[in-house]
$ cat input36.cif   # mmCIF, C-alpha atoms
data_my_file
loop_
_atom_site.label_atom_id
_atom_site.label_comp_id
_atom_site.auth_asym_id
_atom_site.auth_seq_id
_atom_site.Cartn_x
_atom_site.Cartn_y
_atom_site.Cartn_z
CA GLN Z 1 0.00 0.00 0.00
CA VAL Z 2 1.01 3.63 -0.33
CA GLN Z 3 3.28 4.77 2.48
CA LEU Z 4 5.27 7.88 3.27
CA VAL Z 5 7.58 7.68 6.26
CA GLU Z 6 9.41 10.68 7.67
CA SER Z 7 12.63 10.36 9.63
CA GLY Z 8 15.47 12.54 10.86
CA GLY Z 9 13.64 14.70 13.35
CA GLY Z 10 14.95 15.47 16.81
CA LEU Z 11 16.14 18.10 19.22
CA VAL Z 12 18.60 20.70 17.95
CA GLN Z 13 19.96 23.95 19.32
CA PRO Z 14 19.16 27.27 17.67
CA GLY Z 15 21.42 27.75 14.66
CA GLY Z 16 21.74 24.03 14.15
CA SER Z 17 20.81 21.81 11.23
CA LEU Z 18 18.75 18.71 10.56
CA ARG Z 19 17.95 16.70 7.47
CA LEU Z 20 14.52 15.15 7.20
CA SER Z 21 13.89 12.20 4.90
CA CYS Z 22 10.60 11.11 3.39
CA SER Z 23 10.75 7.50 2.22
CA ALA Z 24 8.08 6.44 -0.25
CA SER Z 25 6.77 2.97 -0.96
CA GLY Z 26 3.81 1.42 -2.73
CA PHE Z 27 3.91 3.86 -5.63
CA THR Z 28 6.30 5.31 -8.20
CA LEU Z 29 7.76 8.43 -6.64
CA ASP Z 30 8.82 10.07 -9.90
CA GLN Z 31 5.19 10.48 -10.96
CA TYR Z 32 4.32 12.77 -8.05
CA ASP Z 33 5.08 16.19 -6.67
CA ILE Z 34 6.02 16.00 -3.00
CA GLY Z 35 5.37 18.62 -0.36
CA TRP Z 36 6.63 19.22 3.16
CA PHE Z 37 4.29 20.75 5.70
CA ARG Z 38 4.62 21.51 9.38
CA GLN Z 39 2.29 22.03 12.27
CA ALA Z 40 3.30 23.75 15.46
CA PRO Z 41 1.30 23.39 18.68
CA GLY Z 42 -1.87 25.44 18.49
CA LYS Z 43 -1.29 26.45 14.88
CA GLU Z 44 -2.61 25.38 11.53
CA ARG Z 45 -0.64 23.14 9.22
CA GLU Z 46 1.46 25.24 6.85
CA GLY Z 47 3.32 24.50 3.66
CA VAL Z 48 7.09 24.55 4.01
CA SER Z 49 8.33 23.41 0.62
CA CYS Z 50 7.44 21.41 -2.45
CA ILE Z 51 9.37 19.76 -5.28
CA SER Z 52 7.89 18.86 -8.63
CA ARG Z 53 8.32 15.63 -10.53
CA SER Z 54 10.49 15.53 -13.65
CA GLU Z 55 12.09 18.99 -13.56
CA GLY Z 56 12.47 19.23 -9.79
CA ILE Z 57 11.03 22.74 -9.60
CA THR Z 58 11.08 23.87 -5.99
CA PHE Z 59 8.85 26.13 -3.89
CA TYR Z 60 9.47 27.49 -0.41
CA ALA Z 61 7.59 29.38 2.23
CA ASP Z 62 9.06 32.82 2.81
CA SER Z 63 9.85 31.88 6.41
CA VAL Z 64 12.29 29.15 5.33
CA LYS Z 65 13.64 30.50 2.05
CA GLY Z 66 17.41 30.54 2.09
CA ARG Z 67 17.58 28.18 5.09
CA PHE Z 68 15.80 25.03 3.89
CA THR Z 69 16.53 23.01 0.77
CA ILE Z 70 14.26 20.36 -0.68
CA SER Z 71 15.61 17.64 -2.96
CA ARG Z 72 14.59 14.27 -4.27
CA ASP Z 73 16.26 11.01 -5.23
CA ASP Z 74 13.73 9.05 -7.22
CA ALA Z 75 16.09 6.10 -7.55
CA GLU Z 76 16.08 5.85 -3.74
CA ASP Z 77 12.36 6.70 -3.45
CA THR Z 78 13.23 9.48 -1.03
CA VAL Z 79 12.66 13.21 -0.70
CA TYR Z 80 14.82 15.27 1.63
CA LEU Z 81 14.43 18.51 3.50
CA GLN Z 82 17.75 19.96 4.58
CA MET Z 83 17.15 22.51 7.33
CA THR Z 84 19.84 24.94 8.45
CA SER Z 85 19.96 27.95 10.78
CA LEU Z 86 17.07 26.47 12.71
CA GLN Z 87 15.20 28.73 15.09
CA PRO Z 88 12.74 28.01 17.91
CA GLU Z 89 9.89 29.06 15.61
CA ASP Z 90 10.75 26.10 13.36
CA THR Z 91 9.65 23.76 16.14
CA ALA Z 92 6.82 21.63 14.77
CA ILE Z 93 5.82 18.24 13.49
CA TYR Z 94 6.94 17.97 9.88
CA TYR Z 95 4.94 15.96 7.36
CA CYS Z 96 5.59 14.94 3.80
CA ALA Z 97 2.77 14.34 1.37
CA ARG Z 98 2.28 13.44 -2.28
CA THR Z 99 0.06 15.00 -4.91
CA THR Z 100 -0.96 14.00 -8.39
CA TYR Z 101 -1.45 17.68 -9.26
CA TYR Z 102 1.31 19.61 -10.93
CA ALA Z 103 2.04 21.97 -8.06
CA GLY Z 104 2.08 25.65 -8.95
CA ILE Z 105 3.28 28.75 -7.18
CA MET Z 106 0.01 29.07 -5.28
CA SER Z 107 -1.45 25.57 -5.26
CA TRP Z 108 1.46 23.78 -3.60
CA ARG Z 109 0.50 25.27 -0.23
CA ARG Z 110 -2.99 23.81 -0.21
CA PRO Z 111 -3.13 20.65 1.94
CA ASN Z 112 -6.26 19.44 0.14
CA ILE Z 113 -4.41 18.72 -3.11
CA TYR Z 114 -2.30 16.05 -1.37
CA ASP Z 115 -3.80 12.58 -1.09
CA TYR Z 116 -1.34 10.66 1.12
CA TRP Z 117 0.56 11.91 4.14
CA GLY Z 118 3.24 10.53 6.38
CA GLN Z 119 2.88 10.20 10.12
CA GLY Z 120 5.16 13.13 10.84
CA ALA Z 121 8.58 13.77 12.36
CA ARG Z 122 8.98 16.00 15.40
CA VAL Z 123 11.53 18.79 15.23
CA THR Z 124 12.31 20.72 18.39
CA VAL Z 125 14.64 23.72 18.33
CA ALA Z 126 15.64 24.74 21.83
CA SER Z 127 18.67 25.49 23.92
#

$ encode --input "input36.cif" --output "structure tokens"
Amino acid sequence: QVQLVESGGGLVQPGGSLRLSCSASGFTLDQYDIGWFRQAPGKEREGVSCISRSEGITFYADSVKGRFTISRDDAEDTVYLQMTSLQPEDTAIYYCARTTYYAGIMSWRRPNIYDYWGQGARVTVAS
């Protein structure tokens, strides 16, 4: 069956780095755009980044632009989110999700275009 599994979360000090992985199974990764979302306590889920199939076009939320980098390795069925210069406000549960839509500059942020989600990886940024 379709599965997305996030890993790589943890506790990191402000200014530190983490790399999240999203491992896909049960479907052909290179036929889907993949998004990363996060949800902090008491807040709504927000789009963090997205990477398109084929050309690997990337999108980022303004809050992470220049600090986070999304990439994909379709041969390994994995999408990555490299996070640097982490701040306490980055603390959240991070989710990856797939979509059959061709994500655009506005649409990639909409959770309802994604049909399968991972269980989430917790990221805590604190000293």

$ resolve_selection --input "input36.cif" --expression "the PyMOL selection byres ((chain Z and resi 127) around 9)" --output "PyMOL selection string"
chain Z and resi 12-14+88+125-126

$ residues_around --input "input36.cif" --residues "Gly15 (chain Z)" --least-positions-apart "6" --cutoff "8 Å" --atoms "all atoms listed in the file" --output "list in words"
Thr84, Ser85, Leu86 and Gln87 of chain Z

$ residues_around --input "input36.cif" --residues "region 105-114 of chain Z" --least-positions-apart "6" --cutoff "9 Å" --atoms "all atoms listed in the file" --output "CSV table (one decimal) with C-alpha atoms, in the frame of the given file"
chain,number,residue,atom,x,y,z
Z,33,ASP,CA,5.1,16.2,-6.7
Z,34,ILE,CA,6.0,16.0,-3.0
Z,35,GLY,CA,5.4,18.6,-0.4
Z,37,PHE,CA,4.3,20.8,5.7
Z,45,ARG,CA,-0.6,23.1,9.2
Z,46,GLU,CA,1.5,25.2,6.8
Z,47,GLY,CA,3.3,24.5,3.7
Z,48,VAL,CA,7.1,24.6,4.0
Z,49,SER,CA,8.3,23.4,0.6
Z,50,CYS,CA,7.4,21.4,-2.4
Z,59,PHE,CA,8.8,26.1,-3.9
Z,61,ALA,CA,7.6,29.4,2.2
Z,97,ALA,CA,2.8,14.3,1.4
Z,98,ARG,CA,2.3,13.4,-2.3
Z,99,THR,CA,0.1,15.0,-4.9

$ atom_distance --input "input36.cif" --atom1 "CA of Val123 (chain Z)" --atom2 "CA of Asp90 (chain Z)"
7.6 Å

$ atom_distance --input "input36.cif" --atom1 "CA of Ile70 (chain Z)" --atom2 "CA of Met83 (chain Z)"
8.8 Å

$ atom_distance --input "input36.cif" --atom1 "CA of Thr100 (chain Z)" --atom2 "CA of Tyr32 (chain Z)"
5.4 Å

$ closest_residue --input "input36.cif" --among "Z:Val64, Z:Leu4, Z:Lys43, Z:Arg38" --to "Gly26 (chain Z)" --atoms "all atoms listed in the file"
Z:Leu4

$ residues_around --input "input36.cif" --residues "Val2 (chain Z)" --least-positions-apart "4" --cutoff "8 Å" --atoms "all atoms listed in the file" --output "ChimeraX atom specification"
/Z:24-27,116

$ closest_residue --input "input36.cif" --among "Z:Tyr80, Z:Tyr60, Z:Trp36, Z:Trp117" --to "Ala92 (chain Z)" --atoms "all atoms listed in the file"
Z:Trp36

$ resolve_selection --input "input36.cif" --expression "the PyMOL selection byres ((chain Z and resi 74) around 12)" --output "PDB file with C-alpha atoms, in the coordinates of the input"
ATOM      1  CA  CYS Z  22      10.600  11.110   3.390  1.00  0.00           C
ATOM      2  CA  SER Z  23      10.750   7.500   2.220  1.00  0.00           C
ATOM      3  CA  ALA Z  24       8.080   6.440  -0.250  1.00  0.00           C
ATOM      4  CA  SER Z  25       6.770   2.970  -0.960  1.00  0.00           C
ATOM      5  CA  PHE Z  27       3.910   3.860  -5.630  1.00  0.00           C
ATOM      6  CA  THR Z  28       6.300   5.310  -8.200  1.00  0.00           C
ATOM      7  CA  LEU Z  29       7.760   8.430  -6.640  1.00  0.00           C
ATOM      8  CA  ASP Z  30       8.820  10.070  -9.900  1.00  0.00           C
ATOM      9  CA  GLN Z  31       5.190  10.480 -10.960  1.00  0.00           C
ATOM     10  CA  TYR Z  32       4.320  12.770  -8.050  1.00  0.00           C
ATOM     11  CA  ASP Z  33       5.080  16.190  -6.670  1.00  0.00           C
ATOM     12  CA  ILE Z  34       6.020  16.000  -3.000  1.00  0.00           C
ATOM     13  CA  ILE Z  51       9.370  19.760  -5.280  1.00  0.00           C
ATOM     14  CA  SER Z  52       7.890  18.860  -8.630  1.00  0.00           C
ATOM     15  CA  ARG Z  53       8.320  15.630 -10.530  1.00  0.00           C
ATOM     16  CA  SER Z  54      10.490  15.530 -13.650  1.00  0.00           C
ATOM     17  CA  GLU Z  55      12.090  18.990 -13.560  1.00  0.00           C
ATOM     18  CA  GLY Z  56      12.470  19.230  -9.790  1.00  0.00           C
ATOM     19  CA  SER Z  71      15.610  17.640  -2.960  1.00  0.00           C
ATOM     20  CA  ARG Z  72      14.590  14.270  -4.270  1.00  0.00           C
ATOM     21  CA  ASP Z  73      16.260  11.010  -5.230  1.00  0.00           C
ATOM     22  CA  ALA Z  75      16.090   6.100  -7.550  1.00  0.00           C
ATOM     23  CA  GLU Z  76      16.080   5.850  -3.740  1.00  0.00           C
ATOM     24  CA  ASP Z  77      12.360   6.700  -3.450  1.00  0.00           C
ATOM     25  CA  THR Z  78      13.230   9.480  -1.030  1.00  0.00           C
ATOM     26  CA  VAL Z  79      12.660  13.210  -0.700  1.00  0.00           C
ATOM     27  CA  TYR Z  80      14.820  15.270   1.630  1.00  0.00           C
TER      28      TYR Z  80
END

$ closest_residue --input "input36.cif" --among "Z:Ser21, Z:Thr91, Z:Thr124, Z:Gln39" --to "Glu6 (chain Z)" --atoms "only C-alpha atoms"
Z:Ser21

$ resolve_selection --input "input36.cif" --expression "the PyMOL selection byres ((chain Z and resi 9) around 8)" --output "MDAnalysis selection string"
chainID Z and resid 7:8 10:11 18:20 121:124

$ write_last_selection --input "input36.cif" --atoms "C-alpha atoms" --output "mmCIF file, in the coordinates of the input"
data_model
loop_
_atom_site.group_PDB
_atom_site.id
_atom_site.type_symbol
_atom_site.label_atom_id
_atom_site.label_comp_id
_atom_site.auth_asym_id
_atom_site.auth_seq_id
_atom_site.Cartn_x
_atom_site.Cartn_y
_atom_site.Cartn_z
ATOM 1 C CA SER Z 7 12.630 10.360 9.630
ATOM 2 C CA GLY Z 8 15.470 12.540 10.860
ATOM 3 C CA GLY Z 10 14.950 15.470 16.810
ATOM 4 C CA LEU Z 11 16.140 18.100 19.220
ATOM 5 C CA LEU Z 18 18.750 18.710 10.560
ATOM 6 C CA ARG Z 19 17.950 16.700 7.470
ATOM 7 C CA LEU Z 20 14.520 15.150 7.200
ATOM 8 C CA ALA Z 121 8.580 13.770 12.360
ATOM 9 C CA ARG Z 122 8.980 16.000 15.400
ATOM 10 C CA VAL Z 123 11.530 18.790 15.230
ATOM 11 C CA THR Z 124 12.310 20.720 18.390
#

$ decode --input "input36.cif" --residues "region 6-120 of chain Z" --atoms "C-alpha atoms" --output "mmCIF file, in the first residue's frame"
data_model
loop_
_atom_site.group_PDB
_atom_site.id
_atom_site.type_symbol
_atom_site.label_atom_id
_atom_site.label_comp_id
_atom_site.auth_asym_id
_atom_site.auth_seq_id
_atom_site.Cartn_x
_atom_site.Cartn_y
_atom_site.Cartn_z
ATOM 1 C CA GLU Z 6 9.412 10.680 7.667
ATOM 2 C CA SER Z 7 12.631 10.361 9.634
ATOM 3 C CA GLY Z 8 15.471 12.536 10.865
ATOM 4 C CA GLY Z 9 13.640 14.697 13.354
ATOM 5 C CA GLY Z 10 14.951 15.465 16.814
ATOM 6 C CA LEU Z 11 16.141 18.102 19.224
ATOM 7 C CA VAL Z 12 18.599 20.698 17.950
ATOM 8 C CA GLN Z 13 19.962 23.947 19.321
ATOM 9 C CA PRO Z 14 19.164 27.275 17.666
ATOM 10 C CA GLY Z 15 21.415 27.752 14.662
ATOM 11 C CA GLY Z 16 21.744 24.035 14.148
ATOM 12 C CA SER Z 17 20.812 21.810 11.233
ATOM 13 C CA LEU Z 18 18.751 18.707 10.559
ATOM 14 C CA ARG Z 19 17.948 16.705 7.469
ATOM 15 C CA LEU Z 20 14.524 15.146 7.201
ATOM 16 C CA SER Z 21 13.887 12.203 4.902
ATOM 17 C CA CYS Z 22 10.597 11.107 3.388
ATOM 18 C CA SER Z 23 10.749 7.500 2.224
ATOM 19 C CA ALA Z 24 8.084 6.443 -0.248
ATOM 20 C CA SER Z 25 6.766 2.970 -0.957
ATOM 21 C CA GLY Z 26 3.807 1.418 -2.730
ATOM 22 C CA PHE Z 27 3.909 3.863 -5.629
ATOM 23 C CA THR Z 28 6.297 5.312 -8.199
ATOM 24 C CA LEU Z 29 7.763 8.427 -6.640
ATOM 25 C CA ASP Z 30 8.821 10.074 -9.898
ATOM 26 C CA GLN Z 31 5.193 10.479 -10.960
ATOM 27 C CA TYR Z 32 4.316 12.765 -8.049
ATOM 28 C CA ASP Z 33 5.084 16.191 -6.671
ATOM 29 C CA ILE Z 34 6.017 16.004 -2.998
ATOM 30 C CA GLY Z 35 5.375 18.621 -0.356
ATOM 31 C CA TRP Z 36 6.633 19.219 3.155
ATOM 32 C CA PHE Z 37 4.291 20.752 5.705
ATOM 33 C CA ARG Z 38 4.619 21.510 9.381
ATOM 34 C CA GLN Z 39 2.289 22.025 12.275
ATOM 35 C CA ALA Z 40 3.304 23.754 15.456
ATOM 36 C CA PRO Z 41 1.298 23.391 18.678
ATOM 37 C CA GLY Z 42 -1.866 25.438 18.494
ATOM 38 C CA LYS Z 43 -1.287 26.446 14.885
ATOM 39 C CA GLU Z 44 -2.613 25.377 11.530
ATOM 40 C CA ARG Z 45 -0.641 23.142 9.218
ATOM 41 C CA GLU Z 46 1.456 25.241 6.846
ATOM 42 C CA GLY Z 47 3.315 24.504 3.662
ATOM 43 C CA VAL Z 48 7.087 24.553 4.013
ATOM 44 C CA SER Z 49 8.333 23.415 0.621
ATOM 45 C CA CYS Z 50 7.444 21.413 -2.454
ATOM 46 C CA ILE Z 51 9.369 19.760 -5.279
ATOM 47 C CA SER Z 52 7.895 18.857 -8.630
ATOM 48 C CA ARG Z 53 8.321 15.631 -10.527
ATOM 49 C CA SER Z 54 10.487 15.533 -13.650
ATOM 50 C CA GLU Z 55 12.095 18.987 -13.563
ATOM 51 C CA GLY Z 56 12.468 19.234 -9.791
ATOM 52 C CA ILE Z 57 11.035 22.743 -9.599
ATOM 53 C CA THR Z 58 11.078 23.871 -5.989
ATOM 54 C CA PHE Z 59 8.852 26.127 -3.895
ATOM 55 C CA TYR Z 60 9.472 27.492 -0.408
ATOM 56 C CA ALA Z 61 7.589 29.378 2.235
ATOM 57 C CA ASP Z 62 9.057 32.821 2.806
ATOM 58 C CA SER Z 63 9.846 31.879 6.405
ATOM 59 C CA VAL Z 64 12.289 29.152 5.330
ATOM 60 C CA LYS Z 65 13.640 30.499 2.050
ATOM 61 C CA GLY Z 66 17.413 30.535 2.093
ATOM 62 C CA ARG Z 67 17.581 28.183 5.088
ATOM 63 C CA PHE Z 68 15.798 25.027 3.894
ATOM 64 C CA THR Z 69 16.527 23.012 0.765
ATOM 65 C CA ILE Z 70 14.260 20.355 -0.681
ATOM 66 C CA SER Z 71 15.608 17.638 -2.959
ATOM 67 C CA ARG Z 72 14.588 14.267 -4.272
ATOM 68 C CA ASP Z 73 16.264 11.009 -5.230
ATOM 69 C CA ASP Z 74 13.728 9.050 -7.216
ATOM 70 C CA ALA Z 75 16.089 6.099 -7.553
ATOM 71 C CA GLU Z 76 16.079 5.851 -3.741
ATOM 72 C CA ASP Z 77 12.363 6.700 -3.453
ATOM 73 C CA THR Z 78 13.229 9.478 -1.033
ATOM 74 C CA VAL Z 79 12.659 13.211 -0.701
ATOM 75 C CA TYR Z 80 14.820 15.266 1.627
ATOM 76 C CA LEU Z 81 14.430 18.506 3.500
ATOM 77 C CA GLN Z 82 17.751 19.964 4.576
ATOM 78 C CA MET Z 83 17.152 22.509 7.326
ATOM 79 C CA THR Z 84 19.840 24.942 8.449
ATOM 80 C CA SER Z 85 19.957 27.948 10.784
ATOM 81 C CA LEU Z 86 17.071 26.470 12.711
ATOM 82 C CA GLN Z 87 15.204 28.727 15.092
ATOM 83 C CA PRO Z 88 12.738 28.015 17.906
ATOM 84 C CA GLU Z 89 9.891 29.057 15.612
ATOM 85 C CA ASP Z 90 10.748 26.099 13.364
ATOM 86 C CA THR Z 91 9.653 23.756 16.137
ATOM 87 C CA ALA Z 92 6.822 21.630 14.767
ATOM 88 C CA ILE Z 93 5.824 18.239 13.494
ATOM 89 C CA TYR Z 94 6.938 17.965 9.880
ATOM 90 C CA TYR Z 95 4.939 15.962 7.364
ATOM 91 C CA CYS Z 96 5.593 14.938 3.795
ATOM 92 C CA ALA Z 97 2.769 14.341 1.366
ATOM 93 C CA ARG Z 98 2.281 13.444 -2.276
ATOM 94 C CA THR Z 99 0.061 15.001 -4.906
ATOM 95 C CA THR Z 100 -0.964 14.002 -8.393
ATOM 96 C CA TYR Z 101 -1.447 17.677 -9.258
ATOM 97 C CA TYR Z 102 1.314 19.606 -10.933
ATOM 98 C CA ALA Z 103 2.042 21.973 -8.059
ATOM 99 C CA GLY Z 104 2.084 25.647 -8.949
ATOM 100 C CA ILE Z 105 3.280 28.746 -7.184
ATOM 101 C CA MET Z 106 0.009 29.074 -5.281
ATOM 102 C CA SER Z 107 -1.453 25.569 -5.262
ATOM 103 C CA TRP Z 108 1.457 23.779 -3.603
ATOM 104 C CA ARG Z 109 0.501 25.269 -0.229
ATOM 105 C CA ARG Z 110 -2.994 23.806 -0.209
ATOM 106 C CA PRO Z 111 -3.135 20.649 1.941
ATOM 107 C CA ASN Z 112 -6.259 19.437 0.137
ATOM 108 C CA ILE Z 113 -4.412 18.719 -3.108
ATOM 109 C CA TYR Z 114 -2.301 16.050 -1.366
ATOM 110 C CA ASP Z 115 -3.798 12.583 -1.087
ATOM 111 C CA TYR Z 116 -1.341 10.662 1.124
ATOM 112 C CA TRP Z 117 0.560 11.912 4.143
ATOM 113 C CA GLY Z 118 3.244 10.532 6.379
ATOM 114 C CA GLN Z 119 2.882 10.201 10.122
ATOM 115 C CA GLY Z 120 5.156 13.133 10.841
#
